[in-house]
Amino acid sequence: MKRNSNKKMSLKISAKLIFVLLITSCNLDSNYFPHNEGKKVFYDVFFEDKEKTKKSYRQSFYFLPKVNNAIPVLKNDGEITFYVFEDEGIFKKDTADFFSTNENEDRQLLIAFPIVKNTQWKTNDKTSLQMKLGYDRIYDTNLPFKLTNKIESINETVSINGKKIKNCIKISGYGKTSYNPGPPLDVINIEVFSTSWFAKDYGLVKYIREEKSDSETMGKIFYEKNMLIND
């Protein structure tokens, strides 16, 4: 009887632990992408193209009322993006994709569950490098490739404008592709690197992306955005 009693007690404790872990996991996932209806967040953006021309500008995002398991966000250019919580993770969808009844294979998975170190997933992406031939022939590459994402850390500290944000998720991304423009040029190889930092109660606080090629006709580009944090 005592052995059975101990076994039942052990099962109850295990069940409670699993329940607590599930609740903690759900809260952890949502905390990394909080929803505050009516809140407006700003990002400072820096961009450098292959000609080393530098641009700086600001983006703003306004949180609209939540729709079921989705957070709609209005960008300053008028675009509405839906951040959808599903079993696999948090997806980023445009308006057409969100209201479509068909499954879109190109939907973007921002954070995969569970949020633990070394979790990996792949997303469909496209290059944004431009090919420049001569003085007036400029072409957008828009080459499709697979970006492999990986959670590198869940307790990263990132510095933004002198303010240190602790316990961030650090997600790295890497992808590569190639392009054959034909003679007299050889095959051009392209690599893409990205890093994202998500912080509790803030969401995405920092994002860096670099695309580079082994050809002078494309060169490389660099993109960085940082959240303006006032508190």
# chains A, B, ... in the order shown; residues from 1 in each chain; ligands from 1

call {"tool": "select_by_dssp", "arguments": {"residues": "segment 10-229 of chain A", "states": "alpha helix (DSSP H)", "output": "PDB file with N, CA and C atoms, in the first residue's frame"}}
result
ATOM      1  N   SER A  10       4.002  10.565  -6.535  1.00  0.00           N
ATOM      2  CA  SER A  10       5.005  10.920  -7.538  1.00  0.00           C
ATOM      3  C   SER A  10       4.353  11.361  -8.838  1.00  0.00           C
ATOM      4  N   LEU A  11       3.283  10.648  -9.240  1.00  0.00           N
ATOM      5  CA  LEU A  11       2.559  10.996 -10.466  1.00  0.00           C
ATOM      6  C   LEU A  11       1.908  12.370 -10.350  1.00  0.00           C
ATOM      7  N   LYS A  12       1.329  12.642  -9.146  1.00  0.00           N
ATOM      8  CA  LYS A  12       0.691  13.940  -8.933  1.00  0.00           C
ATOM      9  C   LYS A  12       1.713  15.068  -9.023  1.00  0.00           C
ATOM     10  N   ILE A  13       2.887  14.845  -8.401  1.00  0.00           N
ATOM     11  CA  ILE A  13       3.932  15.876  -8.432  1.00  0.00           C
ATOM     12  C   ILE A  13       4.407  16.101  -9.857  1.00  0.00           C
ATOM     13  N   SER A  14       4.580  14.987 -10.615  1.00  0.00           N
ATOM     14  CA  SER A  14       5.022  15.101 -12.007  1.00  0.00           C
ATOM     15  C   SER A  14       4.011  15.868 -12.837  1.00  0.00           C
ATOM     16  N   ALA A  15       2.728  15.577 -12.630  1.00  0.00           N
ATOM     17  CA  ALA A  15       1.671  16.264 -13.370  1.00  0.00           C
ATOM     18  C   ALA A  15       1.672  17.752 -13.068  1.00  0.00           C
ATOM     19  N   LYS A  16       1.888  18.081 -11.774  1.00  0.00           N
ATOM     20  CA  LYS A  16       1.921  19.495 -11.391  1.00  0.00           C
ATOM     21  C   LYS A  16       3.112  20.210 -12.021  1.00  0.00           C
ATOM     22  N   LEU A  17       4.256  19.509 -12.049  1.00  0.00           N
ATOM     23  CA  LEU A  17       5.455  20.111 -12.646  1.00  0.00           C
ATOM     24  C   LEU A  17       5.264  20.371 -14.136  1.00  0.00           C
ATOM     25  N   ILE A  18       4.665  19.395 -14.834  1.00  0.00           N
ATOM     26  CA  ILE A  18       4.402  19.559 -16.267  1.00  0.00           C
ATOM     27  C   ILE A  18       3.464  20.731 -16.497  1.00  0.00           C
ATOM     28  N   PHE A  19       2.415  20.835 -15.670  1.00  0.00           N
ATOM     29  CA  PHE A  19       1.458  21.932 -15.795  1.00  0.00           C
ATOM     30  C   PHE A  19       2.149  23.283 -15.606  1.00  0.00           C
ATOM     31  N   VAL A  20       3.001  23.354 -14.567  1.00  0.00           N
ATOM     32  CA  VAL A  20       3.715  24.595 -14.289  1.00  0.00           C
ATOM     33  C   VAL A  20       4.637  24.963 -15.442  1.00  0.00           C
ATOM     34  N   LEU A  21       5.335  23.953 -15.997  1.00  0.00           N
ATOM     35  CA  LEU A  21       6.244  24.203 -17.109  1.00  0.00           C
ATOM     36  C   LEU A  21       5.491  24.693 -18.338  1.00  0.00           C
ATOM     37  N   LEU A  22       4.313  24.119 -18.586  1.00  0.00           N
ATOM     38  CA  LEU A  22       3.505  24.549 -19.724  1.00  0.00           C
ATOM     39  C   LEU A  22       3.043  25.988 -19.560  1.00  0.00           C
ATOM     40  N   ILE A  23       2.554  26.311 -18.357  1.00  0.00           N
ATOM     41  CA  ILE A  23       2.106  27.673 -18.103  1.00  0.00           C
ATOM     42  C   ILE A  23       3.254  28.654 -18.231  1.00  0.00           C
ATOM     43  N   THR A  24       4.414  28.278 -17.651  1.00  0.00           N
ATOM     44  CA  THR A  24       5.589  29.143 -17.729  1.00  0.00           C
ATOM     45  C   THR A  24       6.012  29.348 -19.167  1.00  0.00           C
ATOM     46  N   SER A  25       5.976  28.262 -19.967  1.00  0.00           N
ATOM     47  CA  SER A  25       6.368  28.346 -21.368  1.00  0.00           C
ATOM     48  C   SER A  25       5.455  29.274 -22.136  1.00  0.00           C
ATOM     49  N   CYS A  26       4.136  29.168 -21.893  1.00  0.00           N
ATOM     50  CA  CYS A  26       3.178  30.037 -22.589  1.00  0.00           C
ATOM     51  C   CYS A  26       3.430  31.497 -22.247  1.00  0.00           C
ATOM     52  N   ASN A  27       3.621  31.763 -20.941  1.00  0.00           N
ATOM     53  CA  ASN A  27       3.885  33.138 -20.529  1.00  0.00           C
ATOM     54  C   ASN A  27       5.187  33.648 -21.112  1.00  0.00           C
ATOM     55  N   LEU A  28       6.206  32.770 -21.157  1.00  0.00           N
ATOM     56  CA  LEU A  28       7.505  33.148 -21.693  1.00  0.00           C
ATOM     57  C   LEU A  28       7.392  33.519 -23.161  1.00  0.00           C
ATOM     58  N   ASP A  29       6.645  32.698 -23.924  1.00  0.00           N
ATOM     59  CA  ASP A  29       6.495  32.955 -25.345  1.00  0.00           C
ATOM     60  C   ASP A  29       5.795  34.276 -25.608  1.00  0.00           C
ATOM     61  N   SER A  30       4.709  34.538 -24.879  1.00  0.00           N
ATOM     62  CA  SER A  30       3.942  35.758 -25.111  1.00  0.00           C
ATOM     63  C   SER A  30       4.688  36.996 -24.627  1.00  0.00           C
ATOM     64  N   ASN A  31       5.501  36.843 -23.566  1.00  0.00           N
ATOM     65  CA  ASN A  31       6.248  37.986 -23.057  1.00  0.00           C
ATOM     66  C   ASN A  31       7.263  38.520 -24.052  1.00  0.00           C
ATOM     67  N   THR A  95      -1.677  41.080 -44.871  1.00  0.00           N
ATOM     68  CA  THR A  95      -3.145  41.061 -44.802  1.00  0.00           C
ATOM     69  C   THR A  95      -3.743  39.966 -45.675  1.00  0.00           C
ATOM     70  N   ALA A  96      -3.234  39.830 -46.910  1.00  0.00           N
ATOM     71  CA  ALA A  96      -3.771  38.822 -47.830  1.00  0.00           C
ATOM     72  C   ALA A  96      -3.566  37.417 -47.283  1.00  0.00           C
ATOM     73  N   ASP A  97      -2.395  37.164 -46.733  1.00  0.00           N
ATOM     74  CA  ASP A  97      -2.091  35.837 -46.193  1.00  0.00           C
ATOM     75  C   ASP A  97      -2.937  35.547 -44.960  1.00  0.00           C
ATOM     76  N   PHE A  98      -3.146  36.555 -44.121  1.00  0.00           N
ATOM     77  CA  PHE A  98      -3.896  36.357 -42.886  1.00  0.00           C
ATOM     78  C   PHE A  98      -5.352  35.977 -43.157  1.00  0.00           C
ATOM     79  N   PHE A  99      -5.970  36.608 -44.152  1.00  0.00           N
ATOM     80  CA  PHE A  99      -7.380  36.343 -44.438  1.00  0.00           C
ATOM     81  C   PHE A  99      -7.581  35.242 -45.478  1.00  0.00           C
TER      82      PHE A  99
END

call {"tool": "residues_around", "arguments": {"residues": "Ile229 of chain A", "least_positions_apart": "6", "cutoff": "9 Å", "atoms": "only C-alpha atoms", "output": "PDB file with C-alpha atoms, in the first residue's frame"}}
result
ATOM      1  CA  VAL A  41       6.886  51.863 -30.888  1.00  0.00           C
ATOM      2  CA  PHE A  42       9.678  53.446 -32.896  1.00  0.00           C
ATOM      3  CA  ILE A 160      20.834  49.961 -27.412  1.00  0.00           C
ATOM      4  CA  ASN A 161      21.747  53.639 -27.265  1.00  0.00           C
ATOM      5  CA  LYS A 163      20.802  51.115 -22.377  1.00  0.00           C
ATOM      6  CA  TYR A 202       9.446  44.723 -25.544  1.00  0.00           C
ATOM      7  CA  VAL A 205      14.560  45.357 -29.922  1.00  0.00           C
TER       8      VAL A 205
END

call {"tool": "closest_residue", "arguments": {"among": "A:Lys50, A:Lys92, A:Lys126, A:Arg209", "to": "Leu110 of chain A", "atoms": "only C-alpha atoms"}}
result
A:Lys92

call {"tool": "residues_around", "arguments": {"residues": "Val116 of chain A", "least_positions_apart": "5", "cutoff": "8 Å", "atoms": "only C-alpha atoms", "output": "ChimeraX atom specification"}}
result
/A:151,153-154

call {"tool": "write_last_selection", "arguments": {"atoms": "N, CA and C atoms", "output": "PDB file, in the first residue's frame"}}
result
ATOM      1  N   ILE A 151      18.153  29.643 -32.470  1.00  0.00           N
ATOM      2  CA  ILE A 151      18.194  30.380 -31.209  1.00  0.00           C
ATOM      3  C   ILE A 151      19.566  30.142 -30.577  1.00  0.00           C
ATOM      4  N   SER A 153      20.864  32.017 -27.970  1.00  0.00           N
ATOM      5  CA  SER A 153      20.878  32.269 -26.532  1.00  0.00           C
ATOM      6  C   SER A 153      19.501  32.755 -26.094  1.00  0.00           C
ATOM      7  N   ILE A 154      19.163  32.498 -24.821  1.00  0.00           N
ATOM      8  CA  ILE A 154      17.903  33.019 -24.270  1.00  0.00           C
ATOM      9  C   ILE A 154      18.170  33.954 -23.094  1.00  0.00           C
TER      10      ILE A 154
END

call {"tool": "atom_distance", "arguments": {"atom1": "atom CA of Val187 of chain A", "atom2": "atom CA of Ser213 of chain A"}}
result
10.4 Å

call {"tool": "residues_around", "arguments": {"residues": "Ile165 of chain A", "least_positions_apart": "4", "cutoff": "9 Å", "atoms": "only C-alpha atoms", "output": "PDB file with N, CA and C atoms, in the first residue's frame"}}
result
ATOM      1  N   GLU A 156      20.686  36.655 -23.489  1.00  0.00           N
ATOM      2  CA  GLU A 156      21.639  37.594 -24.075  1.00  0.00           C
ATOM      3  C   GLU A 156      21.394  39.009 -23.558  1.00  0.00           C
ATOM      4  N   THR A 157      22.461  39.774 -23.390  1.00  0.00           N
ATOM      5  CA  THR A 157      22.358  41.190 -23.044  1.00  0.00           C
ATOM      6  C   THR A 157      22.765  42.013 -24.255  1.00  0.00           C
ATOM      7  N   VAL A 158      21.890  42.930 -24.676  1.00  0.00           N
ATOM      8  CA  VAL A 158      22.174  43.769 -25.834  1.00  0.00           C
ATOM      9  C   VAL A 158      22.122  45.228 -25.413  1.00  0.00           C
ATOM     10  N   SER A 159      23.021  46.024 -25.960  1.00  0.00           N
ATOM     11  CA  SER A 159      23.088  47.447 -25.632  1.00  0.00           C
ATOM     12  C   SER A 159      22.480  48.261 -26.762  1.00  0.00           C
ATOM     13  N   ILE A 160      21.498  49.107 -26.428  1.00  0.00           N
ATOM     14  CA  ILE A 160      20.834  49.961 -27.412  1.00  0.00           C
ATOM     15  C   ILE A 160      20.875  51.393 -26.915  1.00  0.00           C
ATOM     16  N   ALA A 199      13.271  40.901 -26.612  1.00  0.00           N
ATOM     17  CA  ALA A 199      13.349  41.086 -25.163  1.00  0.00           C
ATOM     18  C   ALA A 199      11.972  40.963 -24.539  1.00  0.00           C
ATOM     19  N   VAL A 205      13.858  44.134 -30.332  1.00  0.00           N
ATOM     20  CA  VAL A 205      14.560  45.357 -29.922  1.00  0.00           C
ATOM     21  C   VAL A 205      15.709  45.705 -30.855  1.00  0.00           C
TER      22      VAL A 205
END

call {"tool": "closest_atom_pairs", "arguments": {"of": "segment 100-182 of chain A", "to": "segment 72-89 of chain A", "cutoff": "9 Å", "atoms": "only C-alpha atoms", "output": "JSON lines"}}
result
{"residue": "A:Leu109", "atom": "CA", "partner": "A:Gly89", "partner_atom": "CA", "distance": 6.8}
{"residue": "A:Leu110", "atom": "CA", "partner": "A:Gly89", "partner_atom": "CA", "distance": 7.5}
{"residue": "A:Ile111", "atom": "CA", "partner": "A:Gly89", "partner_atom": "CA", "distance": 5.5}
{"residue": "A:Ala112", "atom": "CA", "partner": "A:Gly89", "partner_atom": "CA", "distance": 4.3}
{"residue": "A:Phe113", "atom": "CA", "partner": "A:Gly89", "partner_atom": "CA", "distance": 4.8}
{"residue": "A:Pro114", "atom": "CA", "partner": "A:Gly89", "partner_atom": "CA", "distance": 7.7}
{"residue": "A:Ile115", "atom": "CA", "partner": "A:Gly89", "partner_atom": "CA", "distance": 8.9}

call {"tool": "residues_around", "arguments": {"residues": "Asn149 of chain A", "least_positions_apart": "2", "cutoff": "12 Å", "atoms": "only C-alpha atoms", "output": "number ranges by chain"}}
result
A: 108-112, 117-125, 146-147, 151-152, 170-175, 192-196

call {"tool": "write_last_selection", "arguments": {"atoms": "N, CA and C atoms", "output": "short mmCIF file (atom, residue, chain, number, x, y, z; two decimals), in the first residue's frame"}}
result
data_model
loop_
_atom_site.label_atom_id
_atom_site.label_comp_id
_atom_site.auth_asym_id
_atom_site.auth_seq_id
_atom_site.Cartn_x
_atom_site.Cartn_y
_atom_site.Cartn_z
N GLN A 108 6.28 33.70 -42.81
CA GLN A 108 7.54 33.87 -42.10
C GLN A 108 7.41 33.52 -40.63
N LEU A 109 8.18 32.53 -40.19
CA LEU A 109 8.20 32.13 -38.78
C LEU A 109 9.28 32.93 -38.08
N LEU A 110 8.86 33.87 -37.21
CA LEU A 110 9.82 34.74 -36.53
C LEU A 110 10.50 34.04 -35.37
N ILE A 111 9.71 33.38 -34.52
CA ILE A 111 10.25 32.66 -33.37
C ILE A 111 9.60 31.28 -33.32
N ALA A 112 10.42 30.24 -33.30
CA ALA A 112 9.90 28.87 -33.22
C ALA A 112 9.80 28.45 -31.76
N LYS A 117 17.56 27.18 -26.26
CA LYS A 117 18.79 27.28 -27.03
C LYS A 117 18.90 26.13 -28.03
N ASN A 118 19.39 26.46 -29.25
CA ASN A 118 19.63 25.53 -30.36
C ASN A 118 18.38 25.12 -31.12
N THR A 119 17.21 25.66 -30.79
CA THR A 119 16.02 25.42 -31.62
C THR A 119 16.29 26.00 -33.00
N GLN A 120 16.02 25.21 -34.05
CA GLN A 120 16.29 25.64 -35.43
C GLN A 120 15.05 25.52 -36.30
N TRP A 121 14.97 26.36 -37.32
CA TRP A 121 13.90 26.28 -38.30
C TRP A 121 14.33 27.03 -39.56
N LYS A 122 13.65 26.76 -40.65
CA LYS A 122 13.98 27.41 -41.92
C LYS A 122 12.80 28.24 -42.41
N THR A 123 13.13 29.36 -43.06
CA THR A 123 12.11 30.21 -43.64
C THR A 123 12.50 30.55 -45.08
N ASN A 124 11.49 30.82 -45.90
CA ASN A 124 11.74 31.26 -47.26
C ASN A 124 12.06 32.75 -47.26
N ASP A 125 13.06 33.13 -48.02
CA ASP A 125 13.51 34.52 -48.04
C ASP A 125 13.93 34.88 -49.46
N LYS A 146 16.68 29.66 -48.85
CA LYS A 146 16.25 29.21 -47.53
C LYS A 146 17.15 29.83 -46.46
N LEU A 147 16.53 30.51 -45.50
CA LEU A 147 17.26 31.08 -44.38
C LEU A 147 17.14 30.13 -43.19
N ILE A 151 18.15 29.64 -32.47
CA ILE A 151 18.19 30.38 -31.21
C ILE A 151 19.57 30.14 -30.58
N GLU A 152 20.37 31.18 -30.56
CA GLU A 152 21.74 31.08 -30.03
C GLU A 152 21.78 31.21 -28.51
N LYS A 170 18.46 35.66 -28.62
CA LYS A 170 19.30 36.00 -29.78
C LYS A 170 19.09 34.93 -30.84
N ILE A 171 18.63 35.35 -32.02
CA ILE A 171 18.36 34.42 -33.12
C ILE A 171 19.27 34.78 -34.30
N SER A 172 20.06 33.83 -34.74
CA SER A 172 20.92 34.05 -35.90
C SER A 172 20.31 33.39 -37.13
N GLY A 173 20.57 33.97 -38.29
CA GLY A 173 20.08 33.41 -39.53
C GLY A 173 21.18 33.37 -40.58
N TYR A 174 21.18 32.32 -41.40
CA TYR A 174 22.18 32.21 -42.47
C TYR A 174 21.56 31.54 -43.68
N GLY A 175 21.88 32.09 -44.85
CA GLY A 175 21.43 31.49 -46.09
C GLY A 175 22.38 31.84 -47.22
N VAL A 192 23.83 35.50 -46.95
CA VAL A 192 22.99 36.39 -46.15
C VAL A 192 23.13 36.01 -44.67
N PHE A 193 23.39 37.02 -43.85
CA PHE A 193 23.52 36.83 -42.41
C PHE A 193 22.51 37.75 -41.70
N SER A 194 21.84 37.25 -40.69
CA SER A 194 20.91 38.08 -39.93
C SER A 194 21.01 37.73 -38.45
N THR A 195 20.72 38.72 -37.61
CA THR A 195 20.66 38.50 -36.17
C THR A 195 19.51 39.31 -35.60
N SER A 196 18.67 38.67 -34.79
CA SER A 196 17.53 39.34 -34.15
C SER A 196 17.62 39.16 -32.65
#

call {"tool": "select_by_dssp", "arguments": {"residues": "segment 22-181 of chain A", "states": "strand (DSSP E or B)", "output": "PyMOL selection string"}}
result
chain A and resi 40-48+54-63+67+70-75+80-85+89-94+108-112+120-126+130-133+137-140+144-160+163-179

call {"tool": "residues_around", "arguments": {"residues": "Leu133 of chain A", "least_positions_apart": "6", "cutoff": "10 Å", "atoms": "only C-alpha atoms", "output": "list in words"}}
result
Tyr139, Glu216, Thr217 and Met218 of chain A

call {"tool": "write_last_selection", "arguments": {"atoms": "N, CA and C atoms", "output": "PDB file, in the first residue's frame"}}
result
ATOM      1  N   TYR A 139      19.547  46.222 -61.578  1.00  0.00           N
ATOM      2  CA  TYR A 139      18.534  45.185 -61.490  1.00  0.00           C
ATOM      3  C   TYR A 139      18.399  44.704 -60.038  1.00  0.00           C
ATOM      4  N   GLU A 216      31.827  42.401 -57.796  1.00  0.00           N
ATOM      5  CA  GLU A 216      31.745  43.860 -57.658  1.00  0.00           C
ATOM      6  C   GLU A 216      30.454  44.402 -58.248  1.00  0.00           C
ATOM      7  N   THR A 217      29.815  43.649 -59.128  1.00  0.00           N
ATOM      8  CA  THR A 217      28.557  44.115 -59.714  1.00  0.00           C
ATOM      9  C   THR A 217      27.432  44.165 -58.691  1.00  0.00           C
ATOM     10  N   MET A 218      27.586  43.408 -57.587  1.00  0.00           N
ATOM     11  CA  MET A 218      26.573  43.398 -56.528  1.00  0.00           C
ATOM     12  C   MET A 218      27.105  43.962 -55.218  1.00  0.00           C
TER      13      MET A 218
END

call {"tool": "atom_distance", "arguments": {"atom1": "atom CA of Ile221 of chain A", "atom2": "atom CA of Ser56 of chain A"}}
result
13.8 Å

call {"tool": "atom_distance", "arguments": {"atom1": "atom CA of Ser178 of chain A", "atom2": "atom CA of Asp140 of chain A"}}
result
14.1 Å

call {"tool": "closest_residue", "arguments": {"among": "A:Tyr207, A:Phe33, A:Ile71, A:Val45", "to": "Gln59 of chain A", "atoms": "only C-alpha atoms"}}
result
A:Val45

call {"tool": "closest_residue", "arguments": {"among": "A:Glu48, A:Phe61, A:Lys54, A:Phe91", "to": "Leu129 of chain A", "atoms": "only C-alpha atoms"}}
result
A:Glu48
